[in-house]
$ cat query_39.tsv   # TSV, C-alpha atoms and all ligand atoms
chain	number	residue	atom	x	y	z
A	43	MET	CA	0.00	0.00	0.00
A	44	PRO	CA	1.30	3.51	-0.76
A	45	ARG	CA	1.85	5.93	2.12
A	46	LYS	CA	-1.04	8.30	2.73
A	47	ILE	CA	0.03	11.93	2.42
A	48	VAL	CA	-1.44	15.36	2.83
A	49	ALA	CA	0.95	17.80	1.18
A	50	GLY	CA	0.55	21.55	1.58
A	51	ASN	CA	1.78	23.75	-1.25
A	52	TRP	CA	2.12	27.29	0.08
A	53	LYS	CA	3.13	28.63	-3.35
A	54	MET	CA	4.43	32.23	-3.18
A	55	ASN	CA	2.65	32.90	0.10
A	56	GLY	CA	4.04	33.21	3.51
A	57	VAL	CA	6.41	35.23	5.53
A	58	SER	CA	7.54	33.89	8.86
A	59	GLY	CA	4.24	34.68	10.65
A	60	LEU	CA	2.66	31.80	8.80
A	61	LEU	CA	4.85	29.34	10.65
A	62	THR	CA	2.83	29.74	13.84
A	63	GLN	CA	0.06	27.87	12.00
A	64	VAL	CA	1.99	24.65	11.81
A	65	VAL	CA	3.64	24.44	15.20
A	66	LYS	CA	0.92	22.29	16.75
A	67	LEU	CA	-0.20	20.41	13.65
A	68	LYS	CA	1.42	17.09	14.45
A	69	GLU	CA	0.28	17.21	18.07
A	70	THR	CA	-3.27	17.34	16.75
A	71	HIS	CA	-2.50	14.55	14.28
A	72	PRO	CA	-0.15	12.06	15.91
A	73	ASN	CA	-1.41	9.29	13.59
A	74	PRO	CA	1.73	7.84	12.00
A	75	GLY	CA	-0.36	6.40	9.17
A	76	VAL	CA	-0.67	9.78	7.45
A	77	ASP	CA	2.38	11.78	6.39
A	78	ILE	CA	2.09	15.54	6.68
A	79	LEU	CA	4.29	17.36	4.20
A	80	LEU	CA	4.57	21.13	3.97
A	81	CYS	CA	6.15	22.84	0.99
A	82	PRO	CA	6.72	26.49	1.94
A	83	PRO	CA	8.59	29.06	-0.12
A	84	ALA	CA	12.29	28.13	-0.07
A	85	THR	CA	13.03	31.10	2.20
A	86	LEU	CA	11.07	29.44	5.01
A	87	LEU	CA	12.26	25.86	4.67
A	88	SER	CA	14.93	25.92	7.37
A	89	ARG	CA	12.79	27.85	9.82
A	90	LEU	CA	9.84	25.58	9.26
A	91	GLY	CA	12.08	22.66	10.13
A	92	GLU	CA	13.00	24.40	13.37
A	93	VAL	CA	9.48	25.18	14.59
A	94	ALA	CA	7.40	22.30	13.23
A	95	HIS	CA	7.13	18.93	14.94
A	96	PRO	CA	10.11	16.80	13.84
A	97	THR	CA	7.87	14.27	12.09
A	98	ILE	CA	6.37	16.91	9.80
A	99	LEU	CA	8.04	16.50	6.43
A	100	THR	CA	9.14	19.52	4.44
A	101	GLY	CA	9.62	20.00	0.72
A	102	GLY	CA	10.53	22.49	-1.96
A	103	GLN	CA	8.25	23.72	-4.74
A	104	ASP	CA	10.79	23.38	-7.55
A	105	CYS	CA	14.47	22.71	-8.10
A	106	HIS	CA	17.00	23.27	-10.86
A	107	ALA	CA	17.97	20.38	-13.11
A	108	LYS	CA	21.67	20.98	-12.48
A	109	LEU	CA	23.32	20.08	-9.20
A	110	ASN	CA	25.10	23.47	-8.85
A	111	GLY	CA	26.69	26.21	-10.91
A	112	ALA	CA	26.16	29.66	-12.40
A	113	HIS	CA	22.35	29.85	-12.30
A	114	THR	CA	21.44	33.10	-10.60
A	115	GLY	CA	18.31	32.91	-8.52
A	116	ASP	CA	17.85	29.18	-8.83
A	117	ILE	CA	17.88	26.55	-6.12
A	118	SER	CA	19.31	23.06	-6.48
A	119	ALA	CA	17.85	19.86	-5.13
A	120	GLN	CA	20.86	19.48	-2.87
A	121	MET	CA	20.22	22.95	-1.39
A	122	LEU	CA	16.66	21.91	-0.60
A	123	GLN	CA	17.93	18.76	1.04
A	124	ASP	CA	20.48	20.81	2.99
A	125	ALA	CA	17.62	23.02	4.24
A	126	GLY	CA	15.83	19.94	5.58
A	127	ALA	CA	13.59	19.01	2.67
A	128	SER	CA	12.76	15.39	1.93
A	129	HIS	CA	10.47	16.13	-1.04
A	130	VAL	CA	10.16	18.51	-3.96
A	131	ILE	CA	7.11	19.40	-6.06
A	132	LEU	CA	7.98	19.34	-9.77
A	133	GLY	CA	6.05	20.33	-12.87
A	134	HIS	CA	3.26	22.17	-11.08
A	135	SER	CA	1.00	23.66	-13.76
A	136	GLU	CA	1.87	27.16	-12.52
A	137	ARG	CA	5.53	26.44	-13.30
A	138	ARG	CA	4.64	24.83	-16.61
A	139	GLN	CA	2.68	28.00	-17.46
A	140	ASP	CA	4.73	30.78	-15.83
A	141	HIS	CA	8.15	29.38	-16.70
A	142	GLY	CA	7.42	27.37	-19.83
A	143	GLU	CA	8.61	24.16	-18.21
A	144	THR	CA	8.39	21.20	-20.57
A	145	ASN	CA	8.03	17.53	-19.72
A	146	ALA	CA	11.72	17.08	-20.55
A	147	ASP	CA	12.67	19.88	-18.12
A	148	ILE	CA	10.63	18.25	-15.40
A	149	CYS	CA	12.18	14.87	-16.09
A	150	ALA	CA	15.68	16.35	-15.73
A	151	LYS	CA	14.66	18.06	-12.49
A	152	ALA	CA	13.31	14.77	-11.16
A	153	ASP	CA	16.65	13.10	-11.88
A	154	ALA	CA	18.36	15.93	-9.97
A	155	ALA	CA	15.92	15.46	-7.09
A	156	PHE	CA	16.66	11.72	-6.98
A	157	ALA	CA	20.41	12.41	-7.01
A	158	ALA	CA	19.89	14.55	-3.90
A	159	GLU	CA	17.80	11.77	-2.33
A	160	LEU	CA	14.58	13.75	-2.50
A	161	THR	CA	11.19	12.27	-3.29
A	162	ALA	CA	9.78	13.94	-6.42
A	163	ILE	CA	6.10	14.89	-6.50
A	164	ILE	CA	5.50	15.13	-10.24
A	165	CYS	CA	2.36	17.08	-11.13
A	166	ILE	CA	0.24	16.40	-14.18
A	167	GLY	CA	-3.12	17.78	-15.24
A	168	GLU	CA	-5.26	18.79	-18.18
A	169	SER	CA	-6.69	22.18	-19.10
A	170	LEU	CA	-10.43	22.76	-19.29
A	171	ALA	CA	-10.29	22.81	-23.10
A	172	GLN	CA	-8.48	19.46	-23.12
A	173	ARG	CA	-11.06	18.00	-20.73
A	174	GLU	CA	-13.93	19.28	-22.86
A	175	THR	CA	-12.50	17.83	-26.05
A	176	GLY	CA	-11.99	14.42	-24.47
A	177	GLU	CA	-8.19	14.58	-24.50
A	178	THR	CA	-7.63	14.22	-20.76
A	179	LEU	CA	-6.14	10.73	-20.62
A	180	ALA	CA	-3.99	11.27	-23.72
A	181	VAL	CA	-2.61	14.51	-22.26
A	182	LEU	CA	-1.87	12.84	-18.94
A	183	GLU	CA	-0.16	9.92	-20.64
A	184	THR	CA	2.09	12.30	-22.58
A	185	GLN	CA	2.94	14.16	-19.37
A	186	LEU	CA	3.69	10.93	-17.52
A	187	SER	CA	5.82	9.53	-20.34
A	188	GLY	CA	7.79	12.75	-20.72
A	189	SER	CA	8.21	13.93	-17.17
A	190	VAL	CA	8.70	10.74	-15.14
A	191	PRO	CA	12.26	9.40	-15.45
A	192	ASP	CA	12.87	5.76	-16.34
A	193	ARG	CA	14.86	5.05	-13.22
A	194	ILE	CA	13.16	5.70	-9.89
A	195	PRO	CA	15.39	5.04	-6.91
A	196	HIS	CA	14.01	3.89	-3.55
A	197	GLN	CA	10.36	4.35	-4.53
A	198	ALA	CA	11.01	8.12	-4.40
A	199	LEU	CA	8.06	8.99	-6.64
A	200	ILE	CA	4.69	10.60	-5.97
A	201	ILE	CA	2.28	11.61	-8.73
A	202	ALA	CA	-0.14	14.49	-8.17
A	203	TYR	CA	-3.12	14.75	-10.49
A	204	GLU	CA	-4.11	18.40	-10.61
A	205	PRO	CA	-6.61	19.41	-13.28
A	206	ILE	CA	-5.57	22.97	-14.15
A	207	TRP	CA	-9.19	24.13	-14.15
A	208	ALA	CA	-9.64	22.95	-10.56
A	209	ILE	CA	-6.64	24.78	-9.07
A	210	GLY	CA	-7.68	27.73	-6.97
A	211	THR	CA	-11.10	27.88	-8.63
A	212	GLY	CA	-13.34	26.02	-6.17
A	213	LYS	CA	-14.28	23.67	-9.05
A	214	VAL	CA	-13.62	19.99	-8.45
A	215	PRO	CA	-13.99	17.09	-10.89
A	216	THR	CA	-16.71	14.58	-10.18
A	217	ILE	CA	-15.83	11.52	-8.14
A	218	GLU	CA	-16.13	9.45	-11.34
A	219	GLN	CA	-13.68	11.73	-13.15
A	220	ILE	CA	-11.16	11.51	-10.30
A	221	LYS	CA	-11.53	7.74	-10.17
A	222	GLU	CA	-11.06	7.36	-13.92
A	223	VAL	CA	-7.84	9.37	-13.87
A	224	HIS	CA	-6.35	7.78	-10.74
A	225	ASP	CA	-7.10	4.26	-12.00
A	226	PHE	CA	-5.49	5.25	-15.28
A	227	ILE	CA	-2.34	6.56	-13.57
A	228	ARG	CA	-2.00	3.40	-11.44
A	229	GLU	CA	-2.39	1.23	-14.54
A	230	TYR	CA	0.16	3.34	-16.42
A	231	LEU	CA	2.68	2.94	-13.59
A	232	ILE	CA	2.08	-0.83	-13.40
A	233	ASN	CA	2.68	-1.18	-17.14
A	234	ARG	CA	5.81	0.95	-17.11
A	235	PHE	CA	7.44	0.12	-13.78
A	236	GLY	CA	5.78	-3.05	-12.52
A	237	GLU	CA	3.53	-3.81	-9.58
A	238	THR	CA	6.01	-3.14	-6.78
A	239	LEU	CA	6.87	0.46	-7.63
A	240	ALA	CA	3.37	1.25	-8.90
A	241	GLY	CA	1.83	-0.16	-5.74
A	242	ALA	CA	4.11	1.91	-3.52
A	243	THR	CA	3.67	5.22	-5.37
A	244	PRO	CA	1.21	7.57	-3.67
A	245	LEU	CA	-1.25	9.20	-6.08
A	246	LEU	CA	-2.39	12.57	-4.80
A	247	TYR	CA	-5.37	14.55	-6.03
A	248	GLY	CA	-4.95	18.34	-6.08
A	249	GLY	CA	-7.24	21.22	-7.00
A	250	SER	CA	-9.60	22.99	-4.60
A	251	VAL	CA	-9.37	20.33	-1.88
A	252	LYS	CA	-11.19	21.77	1.14
A	253	PRO	CA	-12.42	20.46	4.50
A	254	GLY	CA	-15.89	20.07	2.94
A	255	ASN	CA	-14.90	17.79	0.03
A	256	ALA	CA	-11.83	15.95	1.32
A	257	ALA	CA	-13.60	12.88	2.74
A	258	GLN	CA	-15.46	12.25	-0.52
A	259	ILE	CA	-12.26	12.54	-2.54
A	260	PHE	CA	-10.26	10.31	-0.19
A	261	ALA	CA	-12.93	7.61	-0.44
A	262	VAL	CA	-12.00	7.12	-4.10
A	263	GLU	CA	-9.88	4.06	-4.81
A	264	ASN	CA	-6.32	4.93	-5.82
A	265	VAL	CA	-6.47	8.35	-4.16
A	266	ASP	CA	-3.76	8.20	-1.49
A	267	GLY	CA	-3.90	11.80	-0.36
A	268	ALA	CA	-3.97	15.38	-1.56
A	269	LEU	CA	-1.81	18.23	-2.70
A	270	VAL	CA	-3.46	21.22	-1.07
A	271	GLY	CA	-2.87	24.85	-2.03
A	272	GLY	CA	-5.09	27.54	-0.51
A	273	ALA	CA	-6.41	25.37	2.31
A	274	SER	CA	-2.87	24.56	3.49
A	275	LEU	CA	-2.26	28.14	4.62
A	276	LEU	CA	-4.46	27.85	7.70
A	277	ALA	CA	-4.14	25.03	10.22
A	278	ALA	CA	-7.91	25.32	10.77
A	279	ASP	CA	-8.44	24.31	7.12
A	280	LEU	CA	-5.61	21.81	6.76
A	281	SER	CA	-6.35	19.95	9.97
A	282	PRO	CA	-9.80	18.61	8.97
A	283	ILE	CA	-8.34	17.54	5.62
A	284	ILE	CA	-5.73	15.48	7.49
A	285	THR	CA	-8.48	14.07	9.71
A	286	ALA	CA	-10.45	13.05	6.62
A	287	LEU	CA	-7.44	11.11	5.30
A	288	GLU	CA	-6.86	9.48	8.69
A	289	HIS	CA	-10.39	8.16	8.55
A	290	ALA	CA	-10.35	7.14	4.87
B	1	LIG	P1	-5.61	24.79	-4.52
B	1	LIG	O1	-4.17	24.52	-5.18
B	1	LIG	O2	-5.80	23.77	-3.42
B	1	LIG	O3	-5.53	26.19	-4.01
B	1	LIG	O4	-6.62	24.62	-5.61
B	1	LIG	C1	-3.69	23.22	-5.35
B	1	LIG	C2	-2.33	23.25	-5.99
B	1	LIG	O5	-2.10	24.08	-6.88
B	1	LIG	O6	-1.45	22.45	-5.62
$ encode --input "query_39.tsv" --output "structure tokens"
Amino acid sequence: MPRKIVAGNWKMNGVSGLLTQVVKLKETHPNPGVDILLCPPATLLSRLGEVAHPTILTGGQDCHAKLNGAHTGDISAQMLQDAGASHVILGHSERRQDHGETNADICAKADAAFAAELTAIICIGESLAQRETGETLAVLETQLSGSVPDRIPHQALIIAYEPIWAIGTGKVPTIEQIKEVHDFIREYLINRFGETLAGATPLLYGGSVKPGNAAQIFAVENVDGALVGGASLLAADLSPIITALEHA
């Protein structure tokens, strides 16, 4: 069985005041069956590690494909690891859009993440136009083929399905749509990597996950957790989402 994970993606939000939100999170959720991962802006990674409960995992939101060098403003996977991160989000649709990241870029970043012993959370998702023209599964397959490296060390892979039209919009796919995609991703991973890796890879749903819809989403087979944006900024919102996964 894959690990169950609630991952918070703070995006470009948060100065140090936000850290007070997470100090008590693990005390409220001591359940070791659910991993809590917080991905703050890189500037807060070290400090988050200092104030949060030691079992709260931390991650970056992106890394460079190179291990080091003359890349002004960029952050390497090793730097994230040095700041306490165990995970890194890669290929989020906002990075694909804002920075023109291609599947090949994301694949190279994932290799860099693995070299730094980070778990890569590779994000995939279709646009509304692609959903409406029935291209969803084809788009996702192209993203998976192009952005997931062939060699995955130590089961260090997580896939997050995030329909672009559901991110930050309050719109959520139907339960049937989520199930269709998550079953498809599991099957894809089985065919490409075999049962062992596929069976150990958490599949997260992301896009407008809130306290009010989390339980329904987590009840879907092959949904092992969530990548949460807006609702991860307040412990009062994130906490019931974690509770929903504990009870799933
Ligand atoms: P949202 O963002 O929960 O605010 O929709 C999710 C994400 O982009 O990871």
$ residues_near_ligand --input "query_39.tsv" --ligand "ligand LIG 1 (chain B)" --cutoff "7 Å" --atoms "all atoms listed in the file" --output "VMD selection string"
chain A and resid 51 204 208 to 212 248 to 251 269 to 273
$ closest_residue --input "query_39.tsv" --among "A:Leu90, A:Leu132, A:Leu246, A:Ile200" --to "Ala146 of chain A" --atoms "only C-alpha atoms"
A:Leu132
$ residues_around --input "query_39.tsv" --residues "Ala240 of chain A" --least-positions-apart "2" --cutoff "10 Å" --atoms "only C-alpha atoms" --output "tab-separated table (two decimals) with C-alpha atoms, keeping the file's coordinate frame"
chain	number	residue	atom	x	y	z
A	43	MET	CA	0.00	0.00	0.00
A	44	PRO	CA	1.30	3.51	-0.76
A	197	GLN	CA	10.36	4.35	-4.53
A	199	LEU	CA	8.06	8.99	-6.64
A	200	ILE	CA	4.69	10.60	-5.97
A	227	ILE	CA	-2.34	6.56	-13.57
A	228	ARG	CA	-2.00	3.40	-11.44
A	229	GLU	CA	-2.39	1.23	-14.54
A	230	TYR	CA	0.16	3.34	-16.42
A	231	LEU	CA	2.68	2.94	-13.59
A	232	ILE	CA	2.08	-0.83	-13.40
A	233	ASN	CA	2.68	-1.18	-17.14
A	234	ARG	CA	5.81	0.95	-17.11
A	235	PHE	CA	7.44	0.12	-13.78
A	236	GLY	CA	5.78	-3.05	-12.52
A	237	GLU	CA	3.53	-3.81	-9.58
A	238	THR	CA	6.01	-3.14	-6.78
A	242	ALA	CA	4.11	1.91	-3.52
A	243	THR	CA	3.67	5.22	-5.37
A	244	PRO	CA	1.21	7.57	-3.67
A	245	LEU	CA	-1.25	9.20	-6.08
$ closest_residue --input "query_39.tsv" --among "A:Leu276, A:Leu287, A:Ile201, A:Val93" --to "Trp52 of chain A" --atoms "only C-alpha atoms"
A:Leu276
$ residues_around --input "query_39.tsv" --residues "Ala277 of chain A" --least-positions-apart "6" --cutoff "10 Å" --atoms "all atoms listed in the file" --output "PyMOL selection string"
chain A and resi 60-67+283
$ write_last_selection --input "query_39.tsv" --atoms "C-alpha atoms" --output "PDB file, in the coordinates of the input"
ATOM      1  CA  LEU A  60       2.660  31.800   8.800  1.00  0.00           C
ATOM      2  CA  LEU A  61       4.850  29.340  10.650  1.00  0.00           C
ATOM      3  CA  THR A  62       2.830  29.740  13.840  1.00  0.00           C
ATOM      4  CA  GLN A  63       0.060  27.870  12.000  1.00  0.00           C
ATOM      5  CA  VAL A  64       1.990  24.650  11.810  1.00  0.00           C
ATOM      6  CA  VAL A  65       3.640  24.440  15.200  1.00  0.00           C
ATOM      7  CA  LYS A  66       0.920  22.290  16.750  1.00  0.00           C
ATOM      8  CA  LEU A  67      -0.200  20.410  13.650  1.00  0.00           C
ATOM      9  CA  ILE A 283      -8.340  17.540   5.620  1.00  0.00           C
TER      10      ILE A 283
END
$ atom_distance --input "query_39.tsv" --atom1 "atom CA of Lys53 of chain A" --atom2 "atom CA of Leu275 of chain A"
9.6 Å
$ axis_aligned_box --input "query_39.tsv" --around "segment 185-203 of chain A" --padding-each-side "8 Å" --output "JSON"
{"center_x": 6.1, "center_y": 9.3, "center_z": -12.1, "size_x": 34.5, "size_y": 26.9, "size_z": 33.2}
$ residues_near_point --input "query_39.tsv" --point "(-16.4, 13.1, -2.3)" --cutoff "12 Å" --atoms "only C-alpha atoms" --output "PDB file with C-alpha atoms, in the coordinates of the input"
ATOM      1  CA  VAL A 214     -13.620  19.990  -8.450  1.00  0.00           C
ATOM      2  CA  PRO A 215     -13.990  17.090 -10.890  1.00  0.00           C
ATOM      3  CA  THR A 216     -16.710  14.580 -10.180  1.00  0.00           C
ATOM      4  CA  ILE A 217     -15.830  11.520  -8.140  1.00  0.00           C
ATOM      5  CA  GLU A 218     -16.130   9.450 -11.340  1.00  0.00           C
ATOM      6  CA  GLN A 219     -13.680  11.730 -13.150  1.00  0.00           C
ATOM      7  CA  ILE A 220     -11.160  11.510 -10.300  1.00  0.00           C
ATOM      8  CA  LYS A 221     -11.530   7.740 -10.170  1.00  0.00           C
ATOM      9  CA  TYR A 247      -5.370  14.550  -6.030  1.00  0.00           C
ATOM     10  CA  VAL A 251      -9.370  20.330  -1.880  1.00  0.00           C
ATOM     11  CA  LYS A 252     -11.190  21.770   1.140  1.00  0.00           C
ATOM     12  CA  PRO A 253     -12.420  20.460   4.500  1.00  0.00           C
ATOM     13  CA  GLY A 254     -15.890  20.070   2.940  1.00  0.00           C
ATOM     14  CA  ASN A 255     -14.900  17.790   0.030  1.00  0.00           C
ATOM     15  CA  ALA A 256     -11.830  15.950   1.320  1.00  0.00           C
ATOM     16  CA  ALA A 257     -13.600  12.880   2.740  1.00  0.00           C
ATOM     17  CA  GLN A 258     -15.460  12.250  -0.520  1.00  0.00           C
ATOM     18  CA  ILE A 259     -12.260  12.540  -2.540  1.00  0.00           C
ATOM     19  CA  PHE A 260     -10.260  10.310  -0.190  1.00  0.00           C
ATOM     20  CA  ALA A 261     -12.930   7.610  -0.440  1.00  0.00           C
ATOM     21  CA  VAL A 262     -12.000   7.120  -4.100  1.00  0.00           C
ATOM     22  CA  GLU A 263      -9.880   4.060  -4.810  1.00  0.00           C
ATOM     23  CA  VAL A 265      -6.470   8.350  -4.160  1.00  0.00           C
ATOM     24  CA  ALA A 286     -10.450  13.050   6.620  1.00  0.00           C
ATOM     25  CA  LEU A 287      -7.440  11.110   5.300  1.00  0.00           C
ATOM     26  CA  ALA A 290     -10.350   7.140   4.870  1.00  0.00           C
TER      27      ALA A 290
END
$ atom_distance --input "query_39.tsv" --atom1 "atom CA of Leu109 of chain A" --atom2 "atom CA of Thr97 of chain A"
26.9 Å
$ residues_near_point --input "query_39.tsv" --point "(18.9, 19.8, -0.2)" --cutoff "12 Å" --atoms "only C-alpha atoms" --output "MDAnalysis selection string"
chainID A and resid 84 87:88 100:102 104:106 109:110 117:130 154:161
$ closest_residue --input "query_39.tsv" --among "A:Ala198, A:Ala49, A:Leu170, A:Ile98" --to "Pro72 of chain A" --atoms "all atoms listed in the file"
A:Ile98
$ atom_distance --input "query_39.tsv" --atom1 "atom CA of Gly241 of chain A" --atom2 "atom CA of Asp192 of chain A"
16.4 Å
$ closest_residue --input "query_39.tsv" --among "A:Arg45, A:Asp153, A:Leu79, A:Arg89" --to "Gly59 of chain A" --atoms "all atoms listed in the file"
A:Arg89
$ closest_residue --input "query_39.tsv" --among "A:Ala107, A:Val76, A:Leu179, A:Ile166" --to "His289 of chain A" --atoms "only C-alpha atoms"
A:Val76
$ closest_residue --input "query_39.tsv" --among "A:Ser281, A:Asn73, A:Asn55, A:Gln172" --to "Trp207 of chain A" --atoms "all atoms listed in the file"
A:Gln172
$ decode --input "query_39.tsv" --residues "segment 194-248 of chain A" --atoms "C-alpha atoms" --output "PDB file, in the first residue's frame"
ATOM      1  CA  ILE A 194      13.156   5.697  -9.889  1.00  0.00           C
ATOM      2  CA  PRO A 195      15.392   5.038  -6.907  1.00  0.00           C
ATOM      3  CA  HIS A 196      14.015   3.889  -3.550  1.00  0.00           C
ATOM      4  CA  GLN A 197      10.364   4.353  -4.529  1.00  0.00           C
ATOM      5  CA  ALA A 198      11.007   8.118  -4.403  1.00  0.00           C
ATOM      6  CA  LEU A 199       8.064   8.992  -6.642  1.00  0.00           C
ATOM      7  CA  ILE A 200       4.692  10.595  -5.972  1.00  0.00           C
ATOM      8  CA  ILE A 201       2.277  11.609  -8.727  1.00  0.00           C
ATOM      9  CA  ALA A 202      -0.137  14.485  -8.169  1.00  0.00           C
ATOM     10  CA  TYR A 203      -3.123  14.749 -10.493  1.00  0.00           C
ATOM     11  CA  GLU A 204      -4.107  18.395 -10.606  1.00  0.00           C
ATOM     12  CA  PRO A 205      -6.609  19.411 -13.281  1.00  0.00           C
ATOM     13  CA  ILE A 206      -5.573  22.969 -14.152  1.00  0.00           C
ATOM     14  CA  TRP A 207      -9.190  24.135 -14.151  1.00  0.00           C
ATOM     15  CA  ALA A 208      -9.642  22.955 -10.557  1.00  0.00           C
ATOM     16  CA  ILE A 209      -6.638  24.777  -9.075  1.00  0.00           C
ATOM     17  CA  GLY A 210      -7.681  27.734  -6.972  1.00  0.00           C
ATOM     18  CA  THR A 211     -11.098  27.875  -8.625  1.00  0.00           C
ATOM     19  CA  GLY A 212     -13.344  26.023  -6.172  1.00  0.00           C
ATOM     20  CA  LYS A 213     -14.278  23.670  -9.046  1.00  0.00           C
ATOM     21  CA  VAL A 214     -13.625  19.989  -8.452  1.00  0.00           C
ATOM     22  CA  PRO A 215     -13.985  17.089 -10.886  1.00  0.00           C
ATOM     23  CA  THR A 216     -16.705  14.575 -10.176  1.00  0.00           C
ATOM     24  CA  ILE A 217     -15.827  11.517  -8.137  1.00  0.00           C
ATOM     25  CA  GLU A 218     -16.129   9.447 -11.338  1.00  0.00           C
ATOM     26  CA  GLN A 219     -13.682  11.729 -13.149  1.00  0.00           C
ATOM     27  CA  ILE A 220     -11.161  11.511 -10.302  1.00  0.00           C
ATOM     28  CA  LYS A 221     -11.534   7.735 -10.167  1.00  0.00           C
ATOM     29  CA  GLU A 222     -11.065   7.360 -13.917  1.00  0.00           C
ATOM     30  CA  VAL A 223      -7.839   9.365 -13.868  1.00  0.00           C
ATOM     31  CA  HIS A 224      -6.353   7.779 -10.735  1.00  0.00           C
ATOM     32  CA  ASP A 225      -7.103   4.261 -11.999  1.00  0.00           C
ATOM     33  CA  PHE A 226      -5.486   5.247 -15.285  1.00  0.00           C
ATOM     34  CA  ILE A 227      -2.337   6.559 -13.569  1.00  0.00           C
ATOM     35  CA  ARG A 228      -2.002   3.402 -11.444  1.00  0.00           C
ATOM     36  CA  GLU A 229      -2.386   1.234 -14.536  1.00  0.00           C
ATOM     37  CA  TYR A 230       0.160   3.341 -16.421  1.00  0.00           C
ATOM     38  CA  LEU A 231       2.682   2.940 -13.592  1.00  0.00           C
ATOM     39  CA  ILE A 232       2.081  -0.828 -13.404  1.00  0.00           C
ATOM     40  CA  ASN A 233       2.679  -1.178 -17.140  1.00  0.00           C
ATOM     41  CA  ARG A 234       5.810   0.948 -17.114  1.00  0.00           C
ATOM     42  CA  PHE A 235       7.438   0.119 -13.784  1.00  0.00           C
ATOM     43  CA  GLY A 236       5.779  -3.055 -12.517  1.00  0.00           C
ATOM     44  CA  GLU A 237       3.531  -3.810  -9.584  1.00  0.00           C
ATOM     45  CA  THR A 238       6.012  -3.135  -6.782  1.00  0.00           C
ATOM     46  CA  LEU A 239       6.871   0.463  -7.628  1.00  0.00           C
ATOM     47  CA  ALA A 240       3.368   1.247  -8.901  1.00  0.00           C
ATOM     48  CA  GLY A 241       1.826  -0.164  -5.743  1.00  0.00           C
ATOM     49  CA  ALA A 242       4.107   1.906  -3.517  1.00  0.00           C
ATOM     50  CA  THR A 243       3.669   5.218  -5.373  1.00  0.00           C
ATOM     51  CA  PRO A 244       1.206   7.575  -3.665  1.00  0.00           C
ATOM     52  CA  LEU A 245      -1.246   9.195  -6.084  1.00  0.00           C
ATOM     53  CA  LEU A 246      -2.394  12.570  -4.801  1.00  0.00           C
ATOM     54  CA  TYR A 247      -5.366  14.550  -6.025  1.00  0.00           C
ATOM     55  CA  GLY A 248      -4.949  18.343  -6.079  1.00  0.00           C
TER      56      GLY A 248
END
